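Q: Sending over model_31.cif (mmCIF, N, CA and C atoms).
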data_target
loop_
_atom_site.group_PDB
_atom_site.id
_atom_site.type_symbol
_atom_site.label_atom_id
_atom_site.label_comp_id
_atom_site.auth_asym_id
_atom_site.auth_seq_id
_atom_site.Cartn_x
_atom_site.Cartn_y
_atom_site.Cartn_z
ATOM 1 N N SER A 1 -181.618 -99.353 65.709
ATOM 2 C CA SER A 1 -180.785 -100.114 66.627
ATOM 3 C C SER A 1 -180.290 -101.418 65.997
ATOM 4 N N SER A 2 -180.949 -101.892 64.941
ATOM 5 C CA SER A 2 -180.522 -103.166 64.345
ATOM 6 C C SER A 2 -179.116 -103.078 63.754
ATOM 7 N N LEU A 3 -178.694 -101.902 63.320
ATOM 8 C CA LEU A 3 -177.336 -101.752 62.788
ATOM 9 C C LEU A 3 -176.272 -101.882 63.872
ATOM 10 N N LEU A 4 -176.683 -101.789 65.121
ATOM 11 C CA LEU A 4 -175.738 -101.898 66.234
ATOM 12 C C LEU A 4 -175.552 -103.331 66.722
ATOM 13 N N GLU A 5 -176.260 -104.268 66.133
ATOM 14 C CA GLU A 5 -176.190 -105.669 66.582
ATOM 15 C C GLU A 5 -174.755 -106.197 66.662
ATOM 16 N N PRO A 6 -173.887 -105.937 65.661
ATOM 17 C CA PRO A 6 -172.516 -106.462 65.759
ATOM 18 C C PRO A 6 -171.736 -105.918 66.960
ATOM 19 N N ALA A 7 -172.058 -104.713 67.432
ATOM 20 C CA ALA A 7 -171.342 -104.125 68.567
ATOM 21 C C ALA A 7 -172.020 -104.403 69.897
ATOM 22 N N ALA A 8 -173.265 -104.866 69.855
ATOM 23 C CA ALA A 8 -174.012 -105.104 71.096
ATOM 24 C C ALA A 8 -173.322 -106.176 71.936
ATOM 25 N N GLY A 9 -173.240 -105.910 73.213
ATOM 26 C CA GLY A 9 -172.654 -106.867 74.146
ATOM 27 C C GLY A 9 -171.141 -106.908 74.118
ATOM 28 N N LYS A 10 -170.524 -106.039 73.334
ATOM 29 C CA LYS A 10 -169.062 -106.031 73.229
ATOM 30 C C LYS A 10 -168.547 -104.659 73.659
ATOM 31 N N PRO A 11 -168.063 -104.548 74.882
ATOM 32 C CA PRO A 11 -167.594 -103.255 75.389
ATOM 33 C C PRO A 11 -166.502 -102.657 74.508
ATOM 34 N N GLY A 12 -166.594 -101.357 74.283
ATOM 35 C CA GLY A 12 -165.564 -100.634 73.556
ATOM 36 C C GLY A 12 -165.703 -100.602 72.053
ATOM 37 N N LEU A 13 -166.667 -101.339 71.465
ATOM 38 C CA LEU A 13 -166.794 -101.346 70.013
ATOM 39 C C LEU A 13 -167.631 -100.201 69.467
ATOM 40 N N ALA A 14 -168.472 -99.599 70.264
ATOM 41 C CA ALA A 14 -169.317 -98.498 69.812
ATOM 42 C C ALA A 14 -168.738 -97.179 70.315
ATOM 43 N N VAL A 15 -168.557 -96.250 69.386
ATOM 44 C CA VAL A 15 -167.984 -94.952 69.719
ATOM 45 C C VAL A 15 -168.920 -93.865 69.189
ATOM 46 N N PRO A 16 -169.403 -92.983 70.062
ATOM 47 C CA PRO A 16 -170.275 -91.903 69.590
ATOM 48 C C PRO A 16 -169.470 -90.856 68.815
ATOM 49 N N ALA A 17 -170.066 -90.350 67.736
ATOM 50 C CA ALA A 17 -169.425 -89.302 66.949
ATOM 51 C C ALA A 17 -170.489 -88.341 66.444
ATOM 52 N N HIS A 18 -170.153 -87.070 66.408
ATOM 53 C CA HIS A 18 -171.068 -86.032 65.937
ATOM 54 C C HIS A 18 -170.411 -85.301 64.771
ATOM 55 N N LEU A 19 -171.104 -85.225 63.640
ATOM 56 C CA LEU A 19 -170.630 -84.495 62.471
ATOM 57 C C LEU A 19 -171.440 -83.220 62.335
ATOM 58 N N ALA A 20 -170.786 -82.122 62.054
ATOM 59 C CA ALA A 20 -171.474 -80.848 61.848
ATOM 60 C C ALA A 20 -170.825 -80.128 60.678
ATOM 61 N N TYR A 21 -171.626 -79.343 59.975
ATOM 62 C CA TYR A 21 -171.134 -78.595 58.821
ATOM 63 C C TYR A 21 -171.518 -77.134 58.958
ATOM 64 N N GLU A 22 -170.669 -76.265 58.433
ATOM 65 C CA GLU A 22 -170.938 -74.828 58.378
ATOM 66 C C GLU A 22 -170.709 -74.380 56.940
ATOM 67 N N LEU A 23 -171.529 -73.454 56.497
ATOM 68 C CA LEU A 23 -171.390 -72.898 55.160
ATOM 69 C C LEU A 23 -171.727 -71.415 55.242
ATOM 70 N N PRO A 24 -170.701 -70.571 55.466
ATOM 71 C CA PRO A 24 -170.966 -69.139 55.570
ATOM 72 C C PRO A 24 -171.684 -68.626 54.323
ATOM 73 N N GLY A 25 -172.796 -67.947 54.532
ATOM 74 C CA GLY A 25 -173.562 -67.397 53.424
ATOM 75 C C GLY A 25 -174.358 -68.418 52.641
ATOM 76 N N GLY A 26 -174.454 -69.641 53.152
ATOM 77 C CA GLY A 26 -175.185 -70.682 52.447
ATOM 78 C C GLY A 26 -176.126 -71.422 53.377
ATOM 79 N N ASP A 27 -176.782 -72.414 52.827
ATOM 80 C CA ASP A 27 -177.750 -73.217 53.566
ATOM 81 C C ASP A 27 -177.258 -74.661 53.641
ATOM 82 N N VAL A 28 -176.717 -75.039 54.784
ATOM 83 C CA VAL A 28 -176.180 -76.386 54.979
ATOM 84 C C VAL A 28 -177.253 -77.442 54.691
ATOM 85 N N GLY A 29 -178.478 -77.182 55.129
ATOM 86 C CA GLY A 29 -179.563 -78.144 54.957
ATOM 87 C C GLY A 29 -179.887 -78.444 53.507
ATOM 88 N N ARG A 30 -179.643 -77.496 52.617
ATOM 89 C CA ARG A 30 -179.933 -77.723 51.193
ATOM 90 C C ARG A 30 -178.676 -77.987 50.380
ATOM 91 N N GLN A 31 -177.567 -77.357 50.716
ATOM 92 C CA GLN A 31 -176.374 -77.435 49.891
ATOM 93 C C GLN A 31 -175.393 -78.524 50.301
ATOM 94 N N VAL A 32 -175.422 -78.937 51.552
ATOM 95 C CA VAL A 32 -174.462 -79.931 52.035
ATOM 96 C C VAL A 32 -175.148 -81.256 52.353
ATOM 97 N N CYS A 33 -176.166 -81.222 53.186
ATOM 98 C CA CYS A 33 -176.843 -82.442 53.621
ATOM 99 C C CYS A 33 -177.678 -83.042 52.491
ATOM 100 N N TYR A 34 -177.681 -84.352 52.411
ATOM 101 C CA TYR A 34 -178.464 -85.093 51.417
ATOM 102 C C TYR A 34 -179.579 -85.816 52.153
ATOM 103 N N TRP A 35 -180.832 -85.478 51.832
ATOM 104 C CA TRP A 35 -181.959 -86.052 52.561
ATOM 105 C C TRP A 35 -183.251 -85.857 51.777
ATOM 106 N N GLY A 36 -184.297 -86.457 52.278
ATOM 107 C CA GLY A 36 -185.638 -86.267 51.714
ATOM 108 C C GLY A 36 -185.744 -86.691 50.266
ATOM 109 N N GLU A 37 -186.327 -85.830 49.449
ATOM 110 C CA GLU A 37 -186.589 -86.137 48.041
ATOM 111 C C GLU A 37 -185.477 -85.658 47.107
ATOM 112 N N MET A 38 -184.328 -85.334 47.660
ATOM 113 C CA MET A 38 -183.223 -84.857 46.821
ATOM 114 C C MET A 38 -182.785 -85.948 45.855
ATOM 115 N N VAL A 39 -182.380 -85.536 44.659
ATOM 116 C CA VAL A 39 -181.840 -86.464 43.658
ATOM 117 C C VAL A 39 -180.322 -86.438 43.811
ATOM 118 N N PHE A 40 -179.720 -87.617 43.929
ATOM 119 C CA PHE A 40 -178.326 -87.719 44.345
ATOM 120 C C PHE A 40 -177.337 -87.014 43.416
ATOM 121 N N VAL A 41 -177.338 -87.327 42.125
ATOM 122 C CA VAL A 41 -176.299 -86.792 41.232
ATOM 123 C C VAL A 41 -176.341 -85.261 41.149
ATOM 124 N N PRO A 42 -177.505 -84.618 40.921
ATOM 125 C CA PRO A 42 -177.501 -83.153 40.925
ATOM 126 C C PRO A 42 -177.041 -82.561 42.265
ATOM 127 N N HIS A 43 -177.441 -83.208 43.356
ATOM 128 C CA HIS A 43 -177.002 -82.723 44.673
ATOM 129 C C HIS A 43 -175.486 -82.838 44.807
ATOM 130 N N LEU A 44 -174.927 -83.970 44.417
ATOM 131 C CA LEU A 44 -173.488 -84.193 44.504
ATOM 132 C C LEU A 44 -172.723 -83.189 43.646
ATOM 133 N N LEU A 45 -173.199 -82.922 42.432
ATOM 134 C CA LEU A 45 -172.534 -81.953 41.563
ATOM 135 C C LEU A 45 -172.592 -80.550 42.163
ATOM 136 N N GLY A 46 -173.732 -80.187 42.731
ATOM 137 C CA GLY A 46 -173.844 -78.890 43.397
ATOM 138 C C GLY A 46 -172.914 -78.785 44.589
ATOM 139 N N LEU A 47 -172.808 -79.863 45.360
ATOM 140 C CA LEU A 47 -171.907 -79.877 46.512
ATOM 141 C C LEU A 47 -170.457 -79.730 46.056
ATOM 142 N N ALA A 48 -170.098 -80.382 44.959
ATOM 143 C CA ALA A 48 -168.724 -80.289 44.449
ATOM 144 C C ALA A 48 -168.369 -78.854 44.038
ATOM 145 N N ARG A 49 -169.354 -78.059 43.637
ATOM 146 C CA ARG A 49 -169.117 -76.661 43.247
ATOM 147 C C ARG A 49 -169.162 -75.706 44.436
ATOM 148 N N THR A 50 -169.600 -76.174 45.578
ATOM 149 C CA THR A 50 -169.741 -75.327 46.754
ATOM 150 C C THR A 50 -168.383 -75.101 47.410
ATOM 151 N N ARG A 51 -168.070 -73.850 47.707
ATOM 152 C CA ARG A 51 -166.804 -73.493 48.359
ATOM 153 C C ARG A 51 -167.073 -73.022 49.776
ATOM 154 N N GLY A 52 -166.132 -73.285 50.659
ATOM 155 C CA GLY A 52 -166.209 -72.768 52.016
ATOM 156 C C GLY A 52 -166.926 -73.657 53.016
ATOM 157 N N VAL A 53 -167.204 -74.903 52.637
ATOM 158 C CA VAL A 53 -167.849 -75.818 53.584
ATOM 159 C C VAL A 53 -166.822 -76.231 54.637
ATOM 160 N N VAL A 54 -167.197 -76.104 55.895
ATOM 161 C CA VAL A 54 -166.326 -76.521 56.992
ATOM 162 C C VAL A 54 -167.024 -77.659 57.729
ATOM 163 N N GLY A 55 -166.348 -78.775 57.839
ATOM 164 C CA GLY A 55 -166.882 -79.926 58.550
ATOM 165 C C GLY A 55 -166.166 -80.122 59.871
ATOM 166 N N SER A 56 -166.927 -80.413 60.900
ATOM 167 C CA SER A 56 -166.358 -80.664 62.225
ATOM 168 C C SER A 56 -166.773 -82.049 62.698
ATOM 169 N N VAL A 57 -165.858 -82.728 63.345
ATOM 170 C CA VAL A 57 -166.121 -84.051 63.901
ATOM 171 C C VAL A 57 -165.793 -84.023 65.381
ATOM 172 N N ARG A 58 -166.727 -84.449 66.196
ATOM 173 C CA ARG A 58 -166.485 -84.607 67.633
ATOM 174 C C ARG A 58 -166.642 -86.086 67.939
ATOM 175 N N ILE A 59 -165.631 -86.661 68.552
ATOM 176 C CA ILE A 59 -165.637 -88.092 68.845
ATOM 177 C C ILE A 59 -165.617 -88.279 70.353
ATOM 178 N N GLY A 60 -166.544 -89.081 70.845
ATOM 179 C CA GLY A 60 -166.625 -89.357 72.275
ATOM 180 C C GLY A 60 -165.817 -90.581 72.660
ATOM 181 N N ARG A 61 -165.966 -90.960 73.886
ATOM 182 C CA ARG A 61 -165.271 -92.157 74.388
ATOM 183 C C ARG A 61 -166.069 -93.412 74.027
ATOM 184 N N PRO A 62 -165.380 -94.508 73.759
ATOM 185 C CA PRO A 62 -166.094 -95.763 73.486
ATOM 186 C C PRO A 62 -167.003 -96.137 74.660
ATOM 187 N N VAL A 63 -168.131 -96.742 74.335
ATOM 188 C CA VAL A 63 -169.054 -97.192 75.379
ATOM 189 C C VAL A 63 -168.441 -98.415 76.041
ATOM 190 N N ALA A 64 -168.150 -98.311 77.333
ATOM 191 C CA ALA A 64 -167.414 -99.353 78.048
ATOM 192 C C ALA A 64 -168.299 -100.519 78.493
ATOM 193 N N GLU A 65 -169.607 -100.269 78.621
ATOM 194 C CA GLU A 65 -170.495 -101.326 79.113
ATOM 195 C C GLU A 65 -170.918 -102.268 77.972
ATOM 196 N N ALA A 66 -171.213 -103.493 78.337
ATOM 197 C CA ALA A 66 -171.770 -104.467 77.396
ATOM 198 C C ALA A 66 -173.292 -104.314 77.425
ATOM 199 N N LEU A 67 -173.855 -103.615 76.438
ATOM 200 C CA LEU A 67 -175.284 -103.320 76.402
ATOM 201 C C LEU A 67 -175.954 -104.045 75.242
ATOM 202 N N ASP A 68 -177.255 -104.358 75.387
ATOM 203 C CA ASP A 68 -177.980 -104.895 74.239
ATOM 204 C C ASP A 68 -178.153 -103.769 73.227
ATOM 205 N N ARG A 69 -178.545 -104.087 71.995
ATOM 206 C CA ARG A 69 -178.546 -103.093 70.927
ATOM 207 C C ARG A 69 -179.489 -101.924 71.179
ATOM 208 N N LYS A 70 -180.620 -102.167 71.814
ATOM 209 C CA LYS A 70 -181.563 -101.079 72.082
ATOM 210 C C LYS A 70 -181.026 -100.139 73.165
ATOM 211 N N ALA A 71 -180.435 -100.704 74.204
ATOM 212 C CA ALA A 71 -179.827 -99.876 75.249
ATOM 213 C C ALA A 71 -178.617 -99.124 74.690
ATOM 214 N N LEU A 72 -177.864 -99.787 73.826
ATOM 215 C CA LEU A 72 -176.711 -99.152 73.195
ATOM 216 C C LEU A 72 -177.158 -97.984 72.306
ATOM 217 N N ALA A 73 -178.234 -98.172 71.561
ATOM 218 C CA ALA A 73 -178.766 -97.105 70.713
ATOM 219 C C ALA A 73 -179.185 -95.895 71.557
ATOM 220 N N ARG A 74 -179.864 -96.144 72.675
ATOM 221 C CA ARG A 74 -180.273 -95.038 73.551
ATOM 222 C C ARG A 74 -179.055 -94.313 74.112
ATOM 223 N N ARG A 75 -178.071 -95.081 74.517
ATOM 224 C CA ARG A 75 -176.856 -94.498 75.093
ATOM 225 C C ARG A 75 -176.117 -93.649 74.062
ATOM 226 N N LEU A 76 -175.931 -94.195 72.858
ATOM 227 C CA LEU A 76 -175.232 -93.458 71.811
ATOM 228 C C LEU A 76 -176.007 -92.200 71.407
ATOM 229 N N HIS A 77 -177.322 -92.312 71.340
ATOM 230 C CA HIS A 77 -178.150 -91.153 71.000
ATOM 231 C C HIS A 77 -177.933 -90.035 72.016
ATOM 232 N N ALA A 78 -177.930 -90.374 73.280
ATOM 233 C CA ALA A 78 -177.715 -89.382 74.336
ATOM 234 C C ALA A 78 -176.310 -88.788 74.250
ATOM 235 N N GLU A 79 -175.324 -89.612 73.984
ATOM 236 C CA GLU A 79 -173.945 -89.123 73.940
ATOM 237 C C GLU A 79 -173.690 -88.260 72.718
ATOM 238 N N VAL A 80 -174.286 -88.603 71.583
ATOM 239 C CA VAL A 80 -174.145 -87.763 70.393
ATOM 240 C C VAL A 80 -174.827 -86.419 70.636
ATOM 241 N N GLY A 81 -175.972 -86.437 71.320
ATOM 242 C CA GLY A 81 -176.629 -85.178 71.682
ATOM 243 C C GLY A 81 -175.736 -84.319 72.556
ATOM 244 N N ALA A 82 -175.051 -84.933 73.497
ATOM 245 C CA ALA A 82 -174.134 -84.184 74.362
ATOM 246 C C ALA A 82 -172.944 -83.657 73.565
ATOM 247 N N LEU A 83 -172.436 -84.447 72.626
ATOM 248 C CA LEU A 83 -171.324 -83.994 71.792
ATOM 249 C C LEU A 83 -171.723 -82.802 70.931
ATOM 250 N N SER A 84 -172.969 -82.762 70.511
ATOM 251 C CA SER A 84 -173.418 -81.646 69.671
ATOM 252 C C SER A 84 -173.433 -80.342 70.452
ATOM 253 N N GLN A 85 -173.515 -80.430 71.767
ATOM 254 C CA GLN A 85 -173.513 -79.247 72.624
ATOM 255 C C GLN A 85 -172.125 -78.941 73.182
ATOM 256 N N ALA A 86 -171.142 -79.803 72.884
ATOM 257 C CA ALA A 86 -169.801 -79.681 73.459
ATOM 258 C C ALA A 86 -169.033 -78.515 72.850
ATOM 259 N N GLY A 87 -167.836 -78.330 73.332
ATOM 260 C CA GLY A 87 -166.979 -77.228 72.891
ATOM 261 C C GLY A 87 -166.338 -77.472 71.545
ATOM 262 N N LEU A 88 -165.034 -77.289 71.486
ATOM 263 C CA LEU A 88 -164.302 -77.352 70.237
ATOM 264 C C LEU A 88 -164.311 -78.749 69.634
ATOM 265 N N PRO A 89 -164.334 -78.833 68.304
ATOM 266 C CA PRO A 89 -164.284 -80.133 67.635
ATOM 267 C C PRO A 89 -162.911 -80.787 67.780
ATOM 268 N N VAL A 90 -162.900 -82.106 67.665
ATOM 269 C CA VAL A 90 -161.641 -82.859 67.701
ATOM 270 C C VAL A 90 -160.867 -82.621 66.418
ATOM 271 N N ALA A 91 -161.550 -82.595 65.273
ATOM 272 C CA ALA A 91 -160.885 -82.395 63.979
ATOM 273 C C ALA A 91 -161.776 -81.528 63.103
ATOM 274 N N THR A 92 -161.168 -80.686 62.287
ATOM 275 C CA THR A 92 -161.905 -79.842 61.350
ATOM 276 C C THR A 92 -161.204 -79.898 60.009
ATOM 277 N N GLN A 93 -161.977 -79.997 58.943
ATOM 278 C CA GLN A 93 -161.418 -80.040 57.586
ATOM 279 C C GLN A 93 -162.215 -79.094 56.695
ATOM 280 N N ALA A 94 -161.583 -78.130 56.106
ATOM 281 C CA ALA A 94 -162.241 -77.210 55.173
ATOM 282 C C ALA A 94 -162.100 -77.764 53.763
ATOM 283 N N THR A 95 -163.169 -77.611 52.969
ATOM 284 C CA THR A 95 -163.122 -78.049 51.571
ATOM 285 C C THR A 95 -163.458 -76.916 50.650
#
If you convert what's in this file into structure tokens, what do you get?
A:
Amino acid sequence: SSLLEPAAGKPGLAVPAHLAYELPGGDVGRQVCYWGEMVFVPHLLGLARTRGVVGSVRIGRPVAEALDRKALARRLHAEVGALSQAGLPVATQAT
């Protein structure tokens, strides 16, 4: 929640967004996402060689209320969860 401090108390500055990736015949968790003990450069080079990755972005409405950073974090977390269950993405880009 500390990263939300600049937007806290300012209505409309925080916008929930959900990013999702698909990789037919592949493993998004290993081939696309960077996390855990992965080493950055080998992961990046492998990602650059990967074909057929589809990224989807779902963007929600800006949070209209002036909330403190912890309340804002809870609100955004809930809204991103709802976006992950939503229908069609707002934008899709294949790479």
Q: Could you state which residues are captured by the PyMOL selection byres ((chain A and resi 10) around 6) in this file, as a ChimeraX atom specification?
A: /A:7-9,11-13,65-67
Q: Just give me the gap between atom C of Glu5 (chain A) and atom N of His18 (chain A) in Å, one decimal is fine.
A: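 According to the coordinates, atom C of Glu5 (chain A) and atom N of His18 (chain A) are separated by 19.7 Å.
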Q: Run through the PyMOL selection byres (((chain A and resi 49-54 and name CA) around 12) and name CA) on the given coordinates and return the selected residues as a PyMOL selection string.
A: chain A and resi 19-28+30-33+42-48+55-57+89+91-95
Q: Would you please extract all strand (DSSP E or B) residues from chain A, as assigned by DSSP on the backbone, and give them as a list in words?
A: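 Put together, the selection reads Ala17, His18, Leu19, Ala20, Tyr21, Glu22, Val54, Gly55, Ser56, Val57, Arg58, Ile59, Ala91, Thr92, Gln93 and Ala94 of chain A.
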Q: Selection in question (the file shown): the PyMOL selection byres (((chain A and resi 1 and name CA) around 7) and name CA). Which residues does it include, as a compact mmCIF listing (two decimals) with N, CA and C atoms, in the coordinates of the input?
A:
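The file below, selection.txt, is the result:
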# COMPACT_ATOMS: atom_id res chain seq x y z
N SER A 2 -180.95 -101.89 64.94
CA SER A 2 -180.52 -103.17 64.34
C SER A 2 -179.12 -103.08 63.75
N LEU A 3 -178.69 -101.90 63.32
CA LEU A 3 -177.34 -101.75 62.79
C LEU A 3 -176.27 -101.88 63.87
N LEU A 4 -176.68 -101.79 65.12
CA LEU A 4 -175.74 -101.90 66.23
C LEU A 4 -175.55 -103.33 66.72
N ARG A 69 -178.54 -104.09 72.00
CA ARG A 69 -178.55 -103.09 70.93
C ARG A 69 -179.49 -101.92 71.18
N LYS A 70 -180.62 -102.17 71.81
CA LYS A 70 -181.56 -101.08 72.08
C LYS A 70 -181.03 -100.14 73.17
N ALA A 73 -178.23 -98.17 71.56
CA ALA A 73 -178.77 -97.10 70.71
C ALA A 73 -179.18 -95.90 71.56
Q: DSSP on the backbone: which residues in chain A end up as helix (DSSP H, G or I)? Give the answer as a short mmCIF file (atom, residue, chain, number, x, y, z; two decimals) with N, CA and C atoms, in the frame of the given file.
A:
data_model
loop_
_atom_site.label_atom_id
_atom_site.label_comp_id
_atom_site.auth_asym_id
_atom_site.auth_seq_id
_atom_site.Cartn_x
_atom_site.Cartn_y
_atom_site.Cartn_z
N SER A 2 -180.95 -101.89 64.94
CA SER A 2 -180.52 -103.17 64.34
C SER A 2 -179.12 -103.08 63.75
N LEU A 3 -178.69 -101.90 63.32
CA LEU A 3 -177.34 -101.75 62.79
C LEU A 3 -176.27 -101.88 63.87
N LEU A 4 -176.68 -101.79 65.12
CA LEU A 4 -175.74 -101.90 66.23
C LEU A 4 -175.55 -103.33 66.72
N VAL A 28 -176.72 -75.04 54.78
CA VAL A 28 -176.18 -76.39 54.98
C VAL A 28 -177.25 -77.44 54.69
N GLY A 29 -178.48 -77.18 55.13
CA GLY A 29 -179.56 -78.14 54.96
C GLY A 29 -179.89 -78.44 53.51
N ARG A 30 -179.64 -77.50 52.62
CA ARG A 30 -179.93 -77.72 51.19
C ARG A 30 -178.68 -77.99 50.38
N GLN A 31 -177.57 -77.36 50.72
CA GLN A 31 -176.37 -77.44 49.89
C GLN A 31 -175.39 -78.52 50.30
N PHE A 40 -179.72 -87.62 43.93
CA PHE A 40 -178.33 -87.72 44.34
C PHE A 40 -177.34 -87.01 43.42
N VAL A 41 -177.34 -87.33 42.12
CA VAL A 41 -176.30 -86.79 41.23
C VAL A 41 -176.34 -85.26 41.15
N PRO A 42 -177.50 -84.62 40.92
CA PRO A 42 -177.50 -83.15 40.92
C PRO A 42 -177.04 -82.56 42.26
N HIS A 43 -177.44 -83.21 43.36
CA HIS A 43 -177.00 -82.72 44.67
C HIS A 43 -175.49 -82.84 44.81
N LEU A 44 -174.93 -83.97 44.42
CA LEU A 44 -173.49 -84.19 44.50
C LEU A 44 -172.72 -83.19 43.65
N LEU A 45 -173.20 -82.92 42.43
CA LEU A 45 -172.53 -81.95 41.56
C LEU A 45 -172.59 -80.55 42.16
N GLY A 46 -173.73 -80.19 42.73
CA GLY A 46 -173.84 -78.89 43.40
C GLY A 46 -172.91 -78.78 44.59
N LEU A 47 -172.81 -79.86 45.36
CA LEU A 47 -171.91 -79.88 46.51
C LEU A 47 -170.46 -79.73 46.06
N ALA A 48 -170.10 -80.38 44.96
CA ALA A 48 -168.72 -80.29 44.45
C ALA A 48 -168.37 -78.85 44.04
N ARG A 49 -169.35 -78.06 43.64
CA ARG A 49 -169.12 -76.66 43.25
C ARG A 49 -169.16 -75.71 44.44
N ARG A 69 -178.54 -104.09 72.00
CA ARG A 69 -178.55 -103.09 70.93
C ARG A 69 -179.49 -101.92 71.18
N LYS A 70 -180.62 -102.17 71.81
CA LYS A 70 -181.56 -101.08 72.08
C LYS A 70 -181.03 -100.14 73.17
N ALA A 71 -180.44 -100.70 74.20
CA ALA A 71 -179.83 -99.88 75.25
C ALA A 71 -178.62 -99.12 74.69
N LEU A 72 -177.86 -99.79 73.83
CA LEU A 72 -176.71 -99.15 73.19
C LEU A 72 -177.16 -97.98 72.31
N ALA A 73 -178.23 -98.17 71.56
CA ALA A 73 -178.77 -97.10 70.71
C ALA A 73 -179.18 -95.90 71.56
N ARG A 74 -179.86 -96.14 72.68
CA ARG A 74 -180.27 -95.04 73.55
C ARG A 74 -179.06 -94.31 74.11
N ARG A 75 -178.07 -95.08 74.52
CA ARG A 75 -176.86 -94.50 75.09
C ARG A 75 -176.12 -93.65 74.06
N LEU A 76 -175.93 -94.20 72.86
CA LEU A 76 -175.23 -93.46 71.81
C LEU A 76 -176.01 -92.20 71.41
N HIS A 77 -177.32 -92.31 71.34
CA HIS A 77 -178.15 -91.15 71.00
C HIS A 77 -177.93 -90.04 72.02
N ALA A 78 -177.93 -90.37 73.28
CA ALA A 78 -177.72 -89.38 74.34
C ALA A 78 -176.31 -88.79 74.25
N GLU A 79 -175.32 -89.61 73.98
CA GLU A 79 -173.94 -89.12 73.94
C GLU A 79 -173.69 -88.26 72.72
N VAL A 80 -174.29 -88.60 71.58
CA VAL A 80 -174.14 -87.76 70.39
C VAL A 80 -174.83 -86.42 70.64
N GLY A 81 -175.97 -86.44 71.32
CA GLY A 81 -176.63 -85.18 71.68
C GLY A 81 -175.74 -84.32 72.56
N ALA A 82 -175.05 -84.93 73.50
CA ALA A 82 -174.13 -84.18 74.36
C ALA A 82 -172.94 -83.66 73.56
N LEU A 83 -172.44 -84.45 72.63
CA LEU A 83 -171.32 -83.99 71.79
C LEU A 83 -171.72 -82.80 70.93
N SER A 84 -172.97 -82.76 70.51
CA SER A 84 -173.42 -81.65 69.67
C SER A 84 -173.43 -80.34 70.45
#
Q: From the options A:Val63, A:Ala86, A:Leu72, A:Val80, which residue's atoms come nearest to Ala17 (chain A), counting only N, CA and C atoms?
A: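 Distance minimum relative to Ala17 (chain A) lands on A:Val80.
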Q: Could you jot down the atom C of Arg61 (chain A) to CA of Pro6 (chain A) separation for me, Å, one decimal place?
A: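 Straight-line distance from atom C of Arg61 (chain A) to CA of Pro6 (chain A) works out to 16.7 Å.
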Q: Figure out the distance between CA of Phe40 (chain A) and atom C of Arg58 (chain A), please, to one decimal in Å.
A: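 Interatomic distance, atom C of Arg58 (chain A) to CA of Phe40 (chain A): 26.4 Å.
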Q: Taking all atoms of region 71-82 of chain A that the file lists, what box with edges along x, y and z, padded by 8 Å per side, do you get, with centre and edge lengths in Å to one decimal, as lines of an AutoDock Vina configuration file?
A:
center_x = -176.7
center_y = -92.2
center_z = 72.8
size_x = 23.5
size_y = 33.0
size_z = 20.9
Q: Considering only C-alpha atoms, can you say which of A:Ala14, A:Ala71, A:Met38, A:Ile59 comes closest to Leu83 (chain A)?
A: A:Ile59
